[in-house]
Amino acid sequence: MEDDLASEDDTLLLSEKEFHDAARRNDTARMAELIERGVDVKAKNNLDRTALHWAAGAGHVQAVRLLLAHDAAVNDEDNFGMNALLLSAWFGHLRIVQILVNAGAKTNCVNKNGRGLLHCAAQRGHINVIEFLIEDLEDVRLDKKDKMERTAFHLAAENGQLEVVKFLILAGCKCSIKDKDKNTAMHLAAKNGHAEVLQKLIEAGMSLDEKNREGLTALHLAAEGGHHGCLRLLLEAGCDVRAQTQKKMTCLHYAALNGFEDAARMLIAAGVQTDALNFQNASAMHIAVLQNHPALVRLLIDAECDLDILDNRQQSPLHIAAEHGRQEIAEMILIAGVNLKLTDKQGKTSLDIAARGNHINLADMIIKADRFYKWEKVAKATGSTATGSC
């Protein structure tokens, strides 16, 4: 039989490639034929995977037994540090896990990310594999950390594996462990919108207001992602709605940044500070205007936020609207009433900025608003009833 390389991109011979394919589809008859003809059972492809990798990952008991009977290297790793045992745990093939363990596979193995058997099974939600690992193996540590210092509990929460989270809590895992970025499992569940997992973590008594390395709480992450279910759970549980990050960002800043109107409404109802300033002295209103979220601007105006706050550039929200030609937003701000005499660091009013940017309609709107404000002031001073709009 001709036995050249299978392809220019592969390191396998044709017979070895055929052997791998047979293992992948559990064709033990063809595998046996090729073994009889002298194929290298331990041959690796360009990713350093062997036939055992394919058979174990696919859950093929017969193929795995055949390979082990012919001295397949049980602990060989591919380019990602995955051996046959880790692959079988990742894909949830309990019987393969048991066979490989009995064949002498190292149960303390980890891949290139430092993730072991429990990490792999937890991330993918394979309860039956987890039960076997914890109850039958001695060297599987419940709270072992990967290179990101995450435990199986972190990964289960991050990926929404509710049953795994419940099991690990009952098994006695340390719920409060933080990863390299100081995230708890609660941070990761909230960030990814896993409300059911978050509910379980709250019930387990985890701290609501723990901050990660950047100073974000679970509530910040839920707001940033617009995860209403998680927001509601955290607010009902009594988390600190006014918490600020290292950069002085509130949850409302994040809702404004991404235009999450419903999230912002929930936060306002819960008592968030609508005029809190971040490290750039920007309020949620500044951010909503800059990001062009008219519905959120309307919501903040209705919440009676301060429209005359100046950021680090000494710009009010109207300055920003004028600079970027946000006509719809500018109209809402003008109707609400603002100080048109405010100037930025260059001494420019919002009208100056609109004119410089050639936003003619917006400039005209500001001029008319100024006239109306003056007329309204005179009308009030003389006791007249002022009606109309800008």
# chains A, B, ... in the order shown; residues from 1 in each chain; ligands from 1

call {"tool": "closest_atom_pairs", "arguments": {"of": "stretch 140-196 of chain A", "to": "stretch 211-232 of chain A", "cutoff": "9 Å", "atoms": "only C-alpha atoms", "output": "tab-separated table"}}
result
residue	atom	partner	partner_atom	distance
A:Lys178	CA	A:Asn212	CA	8.2
A:Asp179	CA	A:Asn212	CA	8.9
A:Lys180	CA	A:Arg213	CA	8.5
A:Asp181	CA	A:Arg213	CA	5.3
A:Lys182	CA	A:Asn212	CA	4.3
A:Asn183	CA	A:Asn212	CA	5.0
A:Thr184	CA	A:Asn212	CA	7.7
A:Met186	CA	A:Ala218	CA	6.2
A:His187	CA	A:Ala218	CA	4.5
A:Leu188	CA	A:Ala218	CA	7.8
A:Ala189	CA	A:Ala218	CA	8.2
A:Ala190	CA	A:Ala222	CA	5.0
A:Lys191	CA	A:Leu221	CA	4.8
A:Asn192	CA	A:Gly225	CA	7.4
A:Gly193	CA	A:His227	CA	5.3
A:His194	CA	A:Cys230	CA	7.1
A:Ala195	CA	A:Cys230	CA	5.0
A:Glu196	CA	A:Cys230	CA	8.5

call {"tool": "write_last_selection", "arguments": {"atoms": "C-alpha atoms", "output": "JSON list (two decimals), in the first residue's frame"}}
result
[["chain", "number", "residue", "atom", "x", "y", "z"],
["A", 178, "LYS", "CA", -11.32, 35.05, 43.80],
["A", 179, "ASP", "CA", -9.57, 34.57, 40.49],
["A", 180, "LYS", "CA", -6.52, 36.46, 39.19],
["A", 181, "ASP", "CA", -8.67, 39.50, 38.43],
["A", 182, "LYS", "CA", -10.34, 39.27, 41.86],
["A", 183, "ASN", "CA", -13.61, 38.02, 40.41],
["A", 184, "THR", "CA", -15.80, 35.73, 42.48],
["A", 186, "MET", "CA", -20.90, 35.84, 41.51],
["A", 187, "HIS", "CA", -19.06, 38.33, 39.29],
["A", 188, "LEU", "CA", -18.81, 35.78, 36.49],
["A", 189, "ALA", "CA", -22.44, 34.68, 36.70],
["A", 190, "ALA", "CA", -23.67, 38.30, 36.66],
["A", 191, "LYS", "CA", -21.37, 39.27, 33.80],
["A", 192, "ASN", "CA", -22.73, 36.47, 31.62],
["A", 193, "GLY", "CA", -26.38, 36.91, 32.58],
["A", 194, "HIS", "CA", -26.90, 33.59, 34.35],
["A", 195, "ALA", "CA", -29.78, 34.59, 36.64],
["A", 196, "GLU", "CA", -30.57, 31.10, 37.97]]

call {"tool": "residues_around", "arguments": {"residues": "A:Ala121", "least_positions_apart": "3", "cutoff": "12 Å", "atoms": "only C-alpha atoms", "output": "count of residues only"}}
result
37

call {"tool": "residues_around", "arguments": {"residues": "stretch 19-27 of chain A", "least_positions_apart": "4", "cutoff": "6 Å", "atoms": "only C-alpha atoms", "output": "ChimeraX atom specification"}}
result
/A:31,51,54-55,60,63

call {"tool": "write_last_selection", "arguments": {"atoms": "N, CA and C atoms", "output": "compact mmCIF listing (two decimals), in the first residue's frame"}}
result
# COMPACT_ATOMS: atom_id res chain seq x y z
N MET A 31 -9.42 -0.50 12.10
CA MET A 31 -8.29 -0.22 12.98
C MET A 31 -7.44 -1.47 13.18
N ALA A 51 -4.63 8.73 17.73
CA ALA A 51 -5.92 8.07 17.53
C ALA A 51 -6.69 7.98 18.85
N TRP A 54 -8.83 11.04 19.49
CA TRP A 54 -10.08 11.05 18.74
C TRP A 54 -11.10 10.09 19.33
N ALA A 55 -10.67 8.90 19.65
CA ALA A 55 -11.59 7.89 20.18
C ALA A 55 -12.15 8.31 21.54
N HIS A 60 -15.90 6.61 22.13
CA HIS A 60 -15.96 5.28 21.53
C HIS A 60 -15.24 4.25 22.43
N ALA A 63 -13.15 1.41 20.50
CA ALA A 63 -11.91 1.92 19.90
C ALA A 63 -10.87 2.21 20.98

call {"tool": "residues_around", "arguments": {"residues": "A:Gly38", "least_positions_apart": "4", "cutoff": "10 Å", "atoms": "only C-alpha atoms", "output": "list of chain:residue names"}}
result
A:Ser15, A:Glu16, A:Ala32, A:Glu33, A:Leu34

call {"tool": "residues_around", "arguments": {"residues": "stretch 70-81 of chain A", "least_positions_apart": "5", "cutoff": "10 Å", "atoms": "only C-alpha atoms", "output": "number ranges by chain"}}
result
A: 32, 35, 40-53, 64-65, 86, 100-101, 103-107, 109-115

call {"tool": "write_last_selection", "arguments": {"atoms": "N, CA, C and O atoms", "output": "compact mmCIF listing (two decimals), in the first residue's frame"}}
result
# COMPACT_ATOMS: atom_id res chain seq x y z
N ALA A 32 -8.11 -2.59 13.41
CA ALA A 32 -7.40 -3.85 13.63
C ALA A 32 -6.61 -4.26 12.39
O ALA A 32 -5.47 -4.75 12.49
N ILE A 35 -3.54 -2.09 12.20
CA ILE A 35 -2.57 -2.48 13.24
C ILE A 35 -1.82 -3.73 12.79
O ILE A 35 -0.59 -3.85 12.94
N ASP A 40 1.55 2.78 12.94
CA ASP A 40 2.04 3.29 14.22
C ASP A 40 0.84 3.77 15.05
O ASP A 40 0.25 4.81 14.76
N VAL A 41 0.50 3.01 16.08
CA VAL A 41 -0.65 3.34 16.93
C VAL A 41 -0.47 4.69 17.61
O VAL A 41 -1.45 5.39 17.90
N LYS A 42 0.77 5.09 17.86
CA LYS A 42 1.05 6.34 18.58
C LYS A 42 1.30 7.53 17.67
O LYS A 42 1.67 8.61 18.14
N ALA A 43 1.06 7.36 16.37
CA ALA A 43 1.34 8.44 15.41
C ALA A 43 0.53 9.69 15.74
O ALA A 43 -0.64 9.61 16.12
N LYS A 44 1.20 10.86 15.60
CA LYS A 44 0.55 12.14 15.91
C LYS A 44 0.38 12.99 14.66
O LYS A 44 1.24 13.00 13.78
N ASN A 45 -0.74 13.73 14.62
CA ASN A 45 -0.95 14.64 13.50
C ASN A 45 -0.28 15.98 13.79
O ASN A 45 0.49 16.11 14.74
N ASN A 46 -0.57 16.99 12.97
CA ASN A 46 0.12 18.27 13.13
C ASN A 46 -0.29 19.01 14.40
O ASN A 46 0.35 19.99 14.79
N LEU A 47 -1.35 18.55 15.08
CA LEU A 47 -1.75 19.12 16.37
C LEU A 47 -1.31 18.22 17.53
O LEU A 47 -1.75 18.41 18.67
N ASP A 48 -0.48 17.25 17.22
CA ASP A 48 0.03 16.29 18.20
C ASP A 48 -1.08 15.39 18.77
O ASP A 48 -0.95 14.87 19.88
N ARG A 49 -2.14 15.20 18.02
CA ARG A 49 -3.20 14.31 18.46
C ARG A 49 -2.97 12.90 17.92
O ARG A 49 -2.55 12.72 16.78
N THR A 50 -3.30 11.94 18.79
CA THR A 50 -3.19 10.54 18.41
C THR A 50 -4.58 9.97 18.17
O THR A 50 -5.59 10.64 18.43
N ALA A 51 -4.63 8.73 17.73
CA ALA A 51 -5.92 8.07 17.53
C ALA A 51 -6.69 7.98 18.85
O ALA A 51 -7.92 8.05 18.87
N LEU A 52 -5.95 7.85 19.95
CA LEU A 52 -6.61 7.76 21.26
C LEU A 52 -7.32 9.06 21.61
O LEU A 52 -8.39 9.04 22.23
N HIS A 53 -6.76 10.18 21.23
CA HIS A 53 -7.43 11.45 21.44
C HIS A 53 -8.81 11.44 20.76
O HIS A 53 -9.82 11.81 21.36
N VAL A 64 -11.31 2.79 22.09
CA VAL A 64 -10.38 3.09 23.18
C VAL A 64 -9.78 1.81 23.73
O VAL A 64 -8.56 1.72 23.97
N ARG A 65 -10.61 0.78 23.95
CA ARG A 65 -10.11 -0.50 24.48
C ARG A 65 -9.09 -1.11 23.52
O ARG A 65 -8.06 -1.65 23.95
N LEU A 86 -8.49 14.15 29.69
CA LEU A 86 -9.09 15.49 29.75
C LEU A 86 -10.18 15.65 28.69
O LEU A 86 -11.23 16.25 28.96
N LEU A 100 -9.88 4.90 31.16
CA LEU A 100 -8.54 5.49 31.10
C LEU A 100 -7.90 5.56 32.48
O LEU A 100 -6.69 5.34 32.63
N VAL A 101 -8.69 5.87 33.50
CA VAL A 101 -8.17 5.89 34.87
C VAL A 101 -7.67 4.49 35.25
O VAL A 101 -6.57 4.34 35.82
N ALA A 103 -6.62 2.34 33.30
CA ALA A 103 -5.46 2.01 32.47
C ALA A 103 -4.20 2.75 32.91
O ALA A 103 -3.14 2.60 32.30
N GLY A 104 -4.33 3.57 33.96
CA GLY A 104 -3.16 4.24 34.50
C GLY A 104 -2.98 5.68 34.09
O GLY A 104 -1.91 6.27 34.30
N ALA A 105 -4.02 6.29 33.51
CA ALA A 105 -3.91 7.70 33.13
C ALA A 105 -3.72 8.56 34.37
O ALA A 105 -4.31 8.29 35.42
N LYS A 106 -2.91 9.60 34.25
CA LYS A 106 -2.65 10.49 35.38
C LYS A 106 -3.87 11.37 35.63
O LYS A 106 -4.29 12.13 34.77
N THR A 107 -4.40 11.27 36.84
CA THR A 107 -5.63 12.01 37.16
C THR A 107 -5.36 13.44 37.62
O THR A 107 -6.30 14.22 37.78
N CYS A 109 -3.60 15.51 35.81
CA CYS A 109 -3.15 16.18 34.59
C CYS A 109 -3.87 17.52 34.40
O CYS A 109 -4.99 17.71 34.86
N VAL A 110 -3.21 18.46 33.72
CA VAL A 110 -3.81 19.76 33.39
C VAL A 110 -3.42 20.13 31.97
O VAL A 110 -2.39 19.69 31.45
N ASN A 111 -4.26 20.95 31.33
CA ASN A 111 -3.93 21.42 29.99
C ASN A 111 -3.08 22.68 30.07
O ASN A 111 -2.64 23.08 31.14
N LYS A 112 -2.88 23.36 28.94
CA LYS A 112 -1.98 24.52 28.92
C LYS A 112 -2.55 25.72 29.66
O LYS A 112 -1.82 26.65 29.98
N ASN A 113 -3.86 25.69 29.92
CA ASN A 113 -4.47 26.75 30.73
C ASN A 113 -4.48 26.40 32.21
O ASN A 113 -5.04 27.14 33.03
N GLY A 114 -3.88 25.26 32.54
CA GLY A 114 -3.83 24.83 33.94
C GLY A 114 -5.12 24.20 34.41
O GLY A 114 -5.34 24.05 35.62
N ARG A 115 -6.00 23.81 33.49
CA ARG A 115 -7.29 23.24 33.87
C ARG A 115 -7.24 21.72 33.87
O ARG A 115 -6.79 21.10 32.91

call {"tool": "residues_around", "arguments": {"residues": "stretch 357-373 of chain A", "least_positions_apart": "3", "cutoff": "6 Å", "atoms": "only C-alpha atoms", "output": "PyMOL selection string"}}
result
chain A and resi 325+327+351+354+376+390

call {"tool": "write_last_selection", "arguments": {"atoms": "N, CA and C atoms", "output": "mmCIF file, in the first residue's frame"}}
result
data_model
loop_
_atom_site.group_PDB
_atom_site.id
_atom_site.type_symbol
_atom_site.label_atom_id
_atom_site.label_comp_id
_atom_site.auth_asym_id
_atom_site.auth_seq_id
_atom_site.Cartn_x
_atom_site.Cartn_y
_atom_site.Cartn_z
ATOM 1 N N GLY A 325 -23.330 67.079 16.766
ATOM 2 C CA GLY A 325 -24.503 67.273 15.923
ATOM 3 C C GLY A 325 -25.692 66.420 16.312
ATOM 4 N N GLN A 327 -28.907 66.433 17.146
ATOM 5 C CA GLN A 327 -29.999 67.397 17.126
ATOM 6 C C GLN A 327 -31.178 66.963 17.995
ATOM 7 N N LEU A 351 -23.470 77.128 21.633
ATOM 8 C CA LEU A 351 -23.771 77.758 20.341
ATOM 9 C C LEU A 351 -22.496 77.919 19.514
ATOM 10 N N ALA A 354 -21.623 74.502 18.079
ATOM 11 C CA ALA A 354 -22.521 74.097 16.998
ATOM 12 C C ALA A 354 -22.197 74.859 15.714
ATOM 13 N N GLU A 376 -39.276 84.069 28.650
ATOM 14 C CA GLU A 376 -39.900 83.418 29.804
ATOM 15 C C GLU A 376 -39.503 84.124 31.096
ATOM 16 N N CYS A 390 -39.552 75.838 22.901
ATOM 17 C CA CYS A 390 -38.421 76.331 22.075
ATOM 18 C C CYS A 390 -38.397 75.612 20.741
#

call {"tool": "select_by_dssp", "arguments": {"residues": "stretch 116-156 of chain A", "states": "helix (DSSP H, G or I)", "output": "PyMOL selection string"}}
result
chain A and resi 117-124+127-136+152-156

call {"tool": "write_last_selection", "arguments": {"atoms": "N, CA and C atoms", "output": "PDB file, in the first residue's frame"}}
result
ATOM      1  N   LEU A 117      -9.200  17.859  35.279  1.00  0.00           N
ATOM      2  CA  LEU A 117     -10.411  17.093  34.977  1.00  0.00           C
ATOM      3  C   LEU A 117     -11.672  17.772  35.499  1.00  0.00           C
ATOM      4  N   LEU A 118     -11.606  18.249  36.740  1.00  0.00           N
ATOM      5  CA  LEU A 118     -12.787  18.865  37.349  1.00  0.00           C
ATOM      6  C   LEU A 118     -13.148  20.165  36.633  1.00  0.00           C
ATOM      7  N   HIS A 119     -12.153  20.949  36.258  1.00  0.00           N
ATOM      8  CA  HIS A 119     -12.407  22.167  35.490  1.00  0.00           C
ATOM      9  C   HIS A 119     -13.154  21.849  34.198  1.00  0.00           C
ATOM     10  N   CYS A 120     -12.640  20.857  33.456  1.00  0.00           N
ATOM     11  CA  CYS A 120     -13.224  20.514  32.155  1.00  0.00           C
ATOM     12  C   CYS A 120     -14.670  20.051  32.294  1.00  0.00           C
ATOM     13  N   ALA A 121     -14.905  19.170  33.244  1.00  0.00           N
ATOM     14  CA  ALA A 121     -16.259  18.640  33.427  1.00  0.00           C
ATOM     15  C   ALA A 121     -17.213  19.715  33.939  1.00  0.00           C
ATOM     16  N   ALA A 122     -16.738  20.583  34.837  1.00  0.00           N
ATOM     17  CA  ALA A 122     -17.587  21.630  35.404  1.00  0.00           C
ATOM     18  C   ALA A 122     -17.972  22.663  34.358  1.00  0.00           C
ATOM     19  N   GLN A 123     -17.008  23.066  33.539  1.00  0.00           N
ATOM     20  CA  GLN A 123     -17.284  24.065  32.514  1.00  0.00           C
ATOM     21  C   GLN A 123     -18.359  23.583  31.554  1.00  0.00           C
ATOM     22  N   ARG A 124     -18.370  22.286  31.287  1.00  0.00           N
ATOM     23  CA  ARG A 124     -19.315  21.725  30.312  1.00  0.00           C
ATOM     24  C   ARG A 124     -20.579  21.152  30.953  1.00  0.00           C
ATOM     25  N   ILE A 127     -22.308  16.470  35.238  1.00  0.00           N
ATOM     26  CA  ILE A 127     -22.463  16.094  36.644  1.00  0.00           C
ATOM     27  C   ILE A 127     -21.982  14.674  36.919  1.00  0.00           C
ATOM     28  N   ASN A 128     -22.315  13.742  36.037  1.00  0.00           N
ATOM     29  CA  ASN A 128     -21.937  12.339  36.284  1.00  0.00           C
ATOM     30  C   ASN A 128     -20.420  12.175  36.356  1.00  0.00           C
ATOM     31  N   VAL A 129     -19.710  12.901  35.514  1.00  0.00           N
ATOM     32  CA  VAL A 129     -18.247  12.842  35.538  1.00  0.00           C
ATOM     33  C   VAL A 129     -17.729  13.473  36.825  1.00  0.00           C
ATOM     34  N   ILE A 130     -18.297  14.595  37.206  1.00  0.00           N
ATOM     35  CA  ILE A 130     -17.879  15.293  38.425  1.00  0.00           C
ATOM     36  C   ILE A 130     -18.080  14.418  39.654  1.00  0.00           C
ATOM     37  N   GLU A 131     -19.227  13.754  39.725  1.00  0.00           N
ATOM     38  CA  GLU A 131     -19.499  12.854  40.858  1.00  0.00           C
ATOM     39  C   GLU A 131     -18.434  11.773  40.963  1.00  0.00           C
ATOM     40  N   PHE A 132     -18.075  11.187  39.828  1.00  0.00           N
ATOM     41  CA  PHE A 132     -17.046  10.143  39.823  1.00  0.00           C
ATOM     42  C   PHE A 132     -15.701  10.702  40.277  1.00  0.00           C
ATOM     43  N   LEU A 133     -15.333  11.870  39.744  1.00  0.00           N
ATOM     44  CA  LEU A 133     -14.039  12.467  40.071  1.00  0.00           C
ATOM     45  C   LEU A 133     -13.917  12.753  41.561  1.00  0.00           C
ATOM     46  N   ILE A 134     -14.967  13.315  42.141  1.00  0.00           N
ATOM     47  CA  ILE A 134     -14.910  13.713  43.546  1.00  0.00           C
ATOM     48  C   ILE A 134     -15.039  12.521  44.487  1.00  0.00           C
ATOM     49  N   GLU A 135     -15.900  11.586  44.130  1.00  0.00           N
ATOM     50  CA  GLU A 135     -16.200  10.472  45.037  1.00  0.00           C
ATOM     51  C   GLU A 135     -15.242   9.290  44.895  1.00  0.00           C
ATOM     52  N   ASP A 136     -14.632   9.126  43.723  1.00  0.00           N
ATOM     53  CA  ASP A 136     -13.836   7.914  43.489  1.00  0.00           C
ATOM     54  C   ASP A 136     -12.338   8.156  43.344  1.00  0.00           C
ATOM     55  N   ALA A 152     -13.121  25.120  39.540  1.00  0.00           N
ATOM     56  CA  ALA A 152     -14.242  24.531  38.803  1.00  0.00           C
ATOM     57  C   ALA A 152     -15.529  25.291  39.100  1.00  0.00           C
ATOM     58  N   PHE A 153     -15.647  25.795  40.324  1.00  0.00           N
ATOM     59  CA  PHE A 153     -16.833  26.552  40.731  1.00  0.00           C
ATOM     60  C   PHE A 153     -16.945  27.844  39.911  1.00  0.00           C
ATOM     61  N   HIS A 154     -15.833  28.534  39.703  1.00  0.00           N
ATOM     62  CA  HIS A 154     -15.820  29.724  38.851  1.00  0.00           C
ATOM     63  C   HIS A 154     -16.338  29.387  37.452  1.00  0.00           C
ATOM     64  N   LEU A 155     -15.798  28.318  36.874  1.00  0.00           N
ATOM     65  CA  LEU A 155     -16.132  27.977  35.492  1.00  0.00           C
ATOM     66  C   LEU A 155     -17.588  27.548  35.351  1.00  0.00           C
ATOM     67  N   ALA A 156     -18.094  26.839  36.345  1.00  0.00           N
ATOM     68  CA  ALA A 156     -19.496  26.428  36.315  1.00  0.00           C
ATOM     69  C   ALA A 156     -20.408  27.655  36.364  1.00  0.00           C
TER      70      ALA A 156
END

call {"tool": "residues_around", "arguments": {"residues": "stretch 288-304 of chain A", "least_positions_apart": "5", "cutoff": "12 Å", "atoms": "only C-alpha atoms", "output": "MDAnalysis selection string"}}
result
chainID A and resid 252:269 271:275 282:283 315:338
